[in-house]
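The next block is start.txt, given as compact mmCIF, C-alpha atoms.
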```
# COMPACT_ATOMS: atom_id res chain seq x y z
CA LEU E 1 -25.40 -0.98 -0.72
CA PHE E 2 -26.42 1.07 -3.78
CA PRO E 3 -29.56 0.89 -5.95
CA ALA E 4 -29.14 -1.38 -8.99
CA ASP E 5 -30.09 1.42 -11.39
CA MET E 6 -27.57 3.91 -9.96
CA PRO E 7 -25.06 4.81 -12.72
CA GLY E 8 -21.63 3.36 -11.98
CA ALA E 9 -22.78 1.40 -8.95
CA GLY E 10 -22.16 -1.98 -10.59
CA GLY E 11 -25.46 -3.61 -9.68
CA ALA E 12 -27.42 -4.46 -6.57
CA ASP E 13 -24.60 -6.50 -5.01
CA SER E 14 -21.99 -3.75 -5.43
CA ALA E 15 -20.04 -2.86 -2.32
CA GLY E 16 -19.17 0.62 -3.51
CA VAL E 17 -18.66 3.18 -6.22
CA GLU E 18 -16.01 5.72 -7.20
CA VAL E 19 -17.17 9.33 -6.91
CA LEU E 20 -14.81 11.99 -8.24
CA GLY E 21 -11.84 9.68 -7.70
CA VAL E 22 -12.79 8.78 -4.13
CA PRO E 23 -14.27 5.42 -3.12
CA VAL E 24 -17.67 5.40 -1.41
CA GLY E 25 -18.97 2.15 -0.01
CA THR E 26 -18.28 -0.52 2.54
CA ASP E 27 -15.07 -0.36 4.56
CA ALA E 28 -13.71 -3.39 2.69
CA TYR E 29 -14.46 -1.80 -0.68
CA VAL E 30 -12.83 1.50 0.31
CA ARG E 31 -9.68 -0.19 1.70
CA ASP E 32 -9.31 -2.36 -1.41
CA PHE E 33 -9.86 0.60 -3.73
CA VAL E 34 -7.32 2.76 -1.90
CA GLU E 35 -4.71 -0.02 -1.80
CA ARG E 36 -5.09 -0.67 -5.54
CA ARG E 37 -4.96 3.04 -6.40
CA VAL E 38 -1.88 3.69 -4.25
CA ARG E 39 -0.07 0.71 -5.79
CA GLN E 40 -0.94 2.12 -9.22
CA LEU E 41 0.31 5.60 -8.27
CA ASP E 42 3.50 4.22 -6.72
CA ARG E 43 4.52 2.40 -9.92
CA ILE E 44 6.15 5.64 -11.09
CA ILE E 45 8.70 5.56 -8.24
CA PRO E 46 10.95 2.69 -9.45
CA ALA E 47 10.80 4.17 -12.96
CA LEU E 48 12.59 7.28 -11.68
CA SER E 49 15.84 5.31 -11.64
CA HIS E 50 15.85 5.44 -15.47
CA ILE E 51 16.37 9.21 -15.33
CA GLN E 52 20.05 10.12 -15.20
CA ASP E 53 19.75 13.42 -13.34
CA PRO E 54 19.28 12.95 -9.54
CA GLN E 55 17.77 16.44 -9.17
CA VAL E 56 15.08 15.64 -11.73
CA GLN E 57 14.48 12.29 -10.00
CA TYR E 58 14.01 14.08 -6.67
CA LEU E 59 11.69 16.72 -8.12
CA LEU E 60 9.53 14.07 -9.75
CA LEU E 61 9.49 12.09 -6.51
CA ARG E 62 8.47 15.15 -4.47
CA CYS E 63 6.14 16.94 -6.85
CA CYS E 64 4.52 13.99 -8.63
CA ALA E 65 4.91 10.63 -6.93
CA ASN E 66 4.48 11.82 -3.35
CA ALA E 67 1.81 14.43 -4.09
CA ARG E 68 -0.51 12.21 -6.16
CA VAL E 69 -1.88 10.42 -3.11
CA SER E 70 -3.16 13.67 -1.54
CA HIS E 71 -6.59 13.43 -3.16
CA LEU E 72 -7.24 10.09 -1.47
CA LEU E 73 -6.00 11.39 1.88
CA ARG E 74 -8.49 14.26 1.70
CA GLY E 75 -11.45 12.13 0.71
CA VAL E 76 -11.08 8.87 2.64
CA ASP E 77 -11.45 8.19 6.36
CA PRO E 78 -7.90 8.01 7.78
CA ALA E 79 -8.58 4.64 9.38
CA LEU E 80 -9.40 3.19 5.95
CA VAL E 81 -6.43 4.74 4.16
CA ALA E 82 -3.82 4.03 6.88
CA ALA E 83 -2.32 0.80 5.50
CA ALA E 84 -2.07 2.14 1.96
CA ALA E 85 -0.57 5.41 3.23
CA GLU E 86 2.11 3.51 5.13
CA GLU E 87 2.90 1.47 2.01
CA HIS E 88 3.13 4.69 0.01
CA ASP E 89 5.52 6.13 2.58
CA ARG E 90 7.75 3.04 2.24
CA ALA E 91 7.74 3.37 -1.55
CA VAL E 92 8.64 7.07 -1.40
CA TRP E 93 11.44 6.36 1.06
CA ALA E 94 12.80 3.58 -1.16
CA GLY E 95 12.67 6.03 -4.08
CA LEU E 96 14.62 8.63 -2.12
CA GLN E 97 17.16 6.01 -1.01
CA SER E 98 17.71 5.03 -4.65
CA ILE E 99 18.36 8.66 -5.64
CA LEU E 100 20.87 9.43 -2.90
CA PRO E 101 24.29 7.79 -3.09
CA GLY E 102 25.87 6.11 -0.09
CA PRO E 103 24.58 4.05 2.82
CA ASP E 104 20.98 3.89 3.96
CA LEU E 105 19.77 7.05 5.66
CA SER E 106 19.12 7.13 9.39
CA ASP E 107 15.77 7.60 11.10
CA ARG E 108 16.81 11.17 11.90
CA ALA E 109 17.45 11.79 8.20
CA ARG E 110 13.99 10.40 7.47
CA ARG E 111 12.42 12.84 9.94
CA VAL E 112 14.32 15.74 8.36
CA ALA E 113 13.33 14.63 4.85
CA ARG E 114 9.66 14.75 5.94
CA LEU E 115 9.97 18.45 6.89
CA HIS E 116 8.82 21.24 4.59
CA ILE E 117 11.49 22.70 2.32
CA ARG E 118 11.15 26.13 4.01
CA ILE E 119 12.51 24.69 7.24
CA GLY E 120 15.32 22.61 5.79
CA GLY E 121 13.51 19.41 4.86
CA LEU E 122 13.10 17.70 1.52
CA GLY E 123 9.34 18.29 1.36
CA LEU E 124 8.40 14.61 1.44
CA PRO E 125 5.66 14.48 4.10
CA SER E 126 4.46 11.14 5.43
CA ALA E 127 1.08 10.25 3.94
CA ALA E 128 0.29 8.16 7.02
CA ARG E 129 1.07 11.04 9.33
CA ILE E 130 -0.86 13.76 7.47
CA ALA E 131 -3.90 11.63 6.56
CA PRO E 132 -6.02 12.67 9.58
CA ALA E 133 -5.27 16.37 9.06
CA ALA E 134 -5.91 16.16 5.31
CA TYR E 135 -9.28 14.47 5.86
CA LEU E 136 -10.33 16.88 8.60
CA GLY E 137 -9.16 19.89 6.62
CA SER E 138 -11.12 18.76 3.60
CA TRP E 139 -14.31 18.49 5.62
CA ALA E 140 -13.64 21.78 7.35
CA LEU E 141 -13.45 23.53 3.99
CA VAL E 142 -16.67 22.08 2.58
CA LEU E 143 -18.90 21.82 5.63
CA ALA E 144 -20.24 25.38 5.59
CA PRO E 145 -21.05 25.40 1.83
CA LEU E 146 -22.71 21.98 2.17
CA GLU E 147 -24.80 23.18 5.09
CA ALA E 148 -25.79 26.30 3.14
CA ALA E 149 -26.82 24.23 0.12
CA CYS E 150 -28.68 21.67 2.19
CA PRO E 151 -30.17 23.11 5.41
CA LEU E 152 -31.30 19.64 6.50
CA LEU E 153 -27.64 18.61 6.66
CA ARG E 154 -27.04 21.34 9.23
CA ASP E 155 -29.75 19.87 11.47
CA VAL E 156 -28.26 16.37 11.20
CA VAL E 157 -24.75 17.60 11.95
CA GLU E 158 -25.89 19.80 14.85
CA ARG E 159 -27.72 16.88 16.46
CA SER E 160 -24.70 14.61 16.10
CA ASP E 161 -22.49 16.26 18.74
CA GLN E 162 -22.02 12.94 20.49
CA ILE E 163 -20.05 11.69 17.44
CA PRO E 164 -16.36 12.54 17.97
CA ALA E 165 -15.68 13.11 14.27
CA VAL E 166 -18.51 15.64 13.99
CA ARG E 167 -17.26 17.49 17.07
CA ALA E 168 -13.78 17.59 15.51
CA LEU E 169 -15.24 18.91 12.26
CA HIS E 170 -17.09 21.68 14.11
CA GLN E 171 -13.94 22.65 16.03
CA ALA E 172 -11.76 22.69 12.91
CA HIS E 173 -14.34 24.77 11.05
CA ALA E 174 -14.67 27.27 13.88
CA GLN E 175 -10.90 27.63 14.31
CA HIS E 176 -9.68 27.60 10.73
CA VAL E 177 -12.48 28.44 8.29
CA ALA E 178 -15.06 30.67 9.98
CA PRO E 179 -12.63 33.45 11.07
CA ALA E 180 -11.42 34.00 7.47
```
Kindly transcribe the structure held in the file into structure tokens.
Amino acid sequence: LFPADMPGAGGADSAGVEVLGVPVGTDAYVRDFVERRVRQLDRIIPALSHIQDPQVQYLLLRCCANARVSHLLRGVDPALVAAAAEEHDRAVWAGLQSILPGPDLSDRARRVARLHIRIGGLGLPSAARIAPAAYLGSWALVLAPLEAACPLLRDVVERSDQIPAVRALHQAHAQHVAPA
């Protein structure tokens, strides 16, 4: 997939490479990378039970454990990150369940917990649910500067209107980035 002399590519038979914390390569390489990274990030969640203060546990769950996967969601195709995102969601939910006393929380409580704090939720969004928006938003933010830096990219993207993802990128850019 990558030239043998490319730094970090791992040789001629390499299936991928990590670029700025995001995997680039074959679908199998990207899925494996994301699954390993999410498992690594989620190891912090069971460790929260060693902290005696439930408020500190919750803040670490919300601000650290749940947020650390965002970089992957922004940089990896949602179809390739879906399984790992669902596993992350299960780990976060188990972490929340361990913090809160009493019986297991209902599905309704889970939906409320996923809401933003400003509207009465716990600020624990589902990685699986926000992955497509995170990926699209990331591209929407960088597409115009990339096109400006590389005019040939603009021609390629403009000629690719039959690709649904490119159409979605153009629409998101026009609606959310260009008017600003």
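Non-sequential neighbours of range 101-111 of chain E (distance at most 12 Å, separation of 5 or more positions within a chain, only C-alpha atoms) are E:Pro54, E:Asp89, E:Arg90, E:Val92, E:Trp93, E:Ala94, E:Gly95, E:Leu96, E:His116, E:Gly120, E:Gly121, E:Leu122, E:Gly123, E:Leu124, E:Pro125, E:Ser126, E:Arg129.
Residues surrounding Thr26 in chain E within 10 Å are Leu1, Ser14, Ala15, Gly16, Val17 and Asp32 of chain E [only C-alpha atoms; sequence separation below 6 positions excluded].
Of note, CA of Gly75 in chain E and CA of Glu87 in chain E are spaced 17.9 Å apart.
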Compile the contact shell of Asp77 in chain E as number ranges by chain: residues with an atom at most 9 Å away, counting all atoms listed in the file, same-chain residues fewer than 6 positions apart removed. E: 131-132, 135
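Going from CA of Ala47 in chain E to CA of Asn66 in chain E covers 13.8 Å.
Atom pair CA of Ile45 in chain E / CA of Ala127 in chain E: separated by 15.1 Å.
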Find the residues near His71 in chain E: any atom within 10 Å, counting only C-alpha atoms, skip ones fewer than 6 places away on the same chain, and give them as an NGL selection string. :E and (20-22 or 134-135 or 138)
For those residues, write C-alpha atoms to a file as a compact mmCIF listing (two decimals), in the frame of the given file.
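Result written to out39.txt:
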```txt
# COMPACT_ATOMS: atom_id res chain seq x y z
CA LEU E 20 -14.81 11.99 -8.24
CA GLY E 21 -11.84 9.68 -7.70
CA VAL E 22 -12.79 8.78 -4.13
CA ALA E 134 -5.91 16.16 5.31
CA TYR E 135 -9.28 14.47 5.86
CA SER E 138 -11.12 18.76 3.60
```
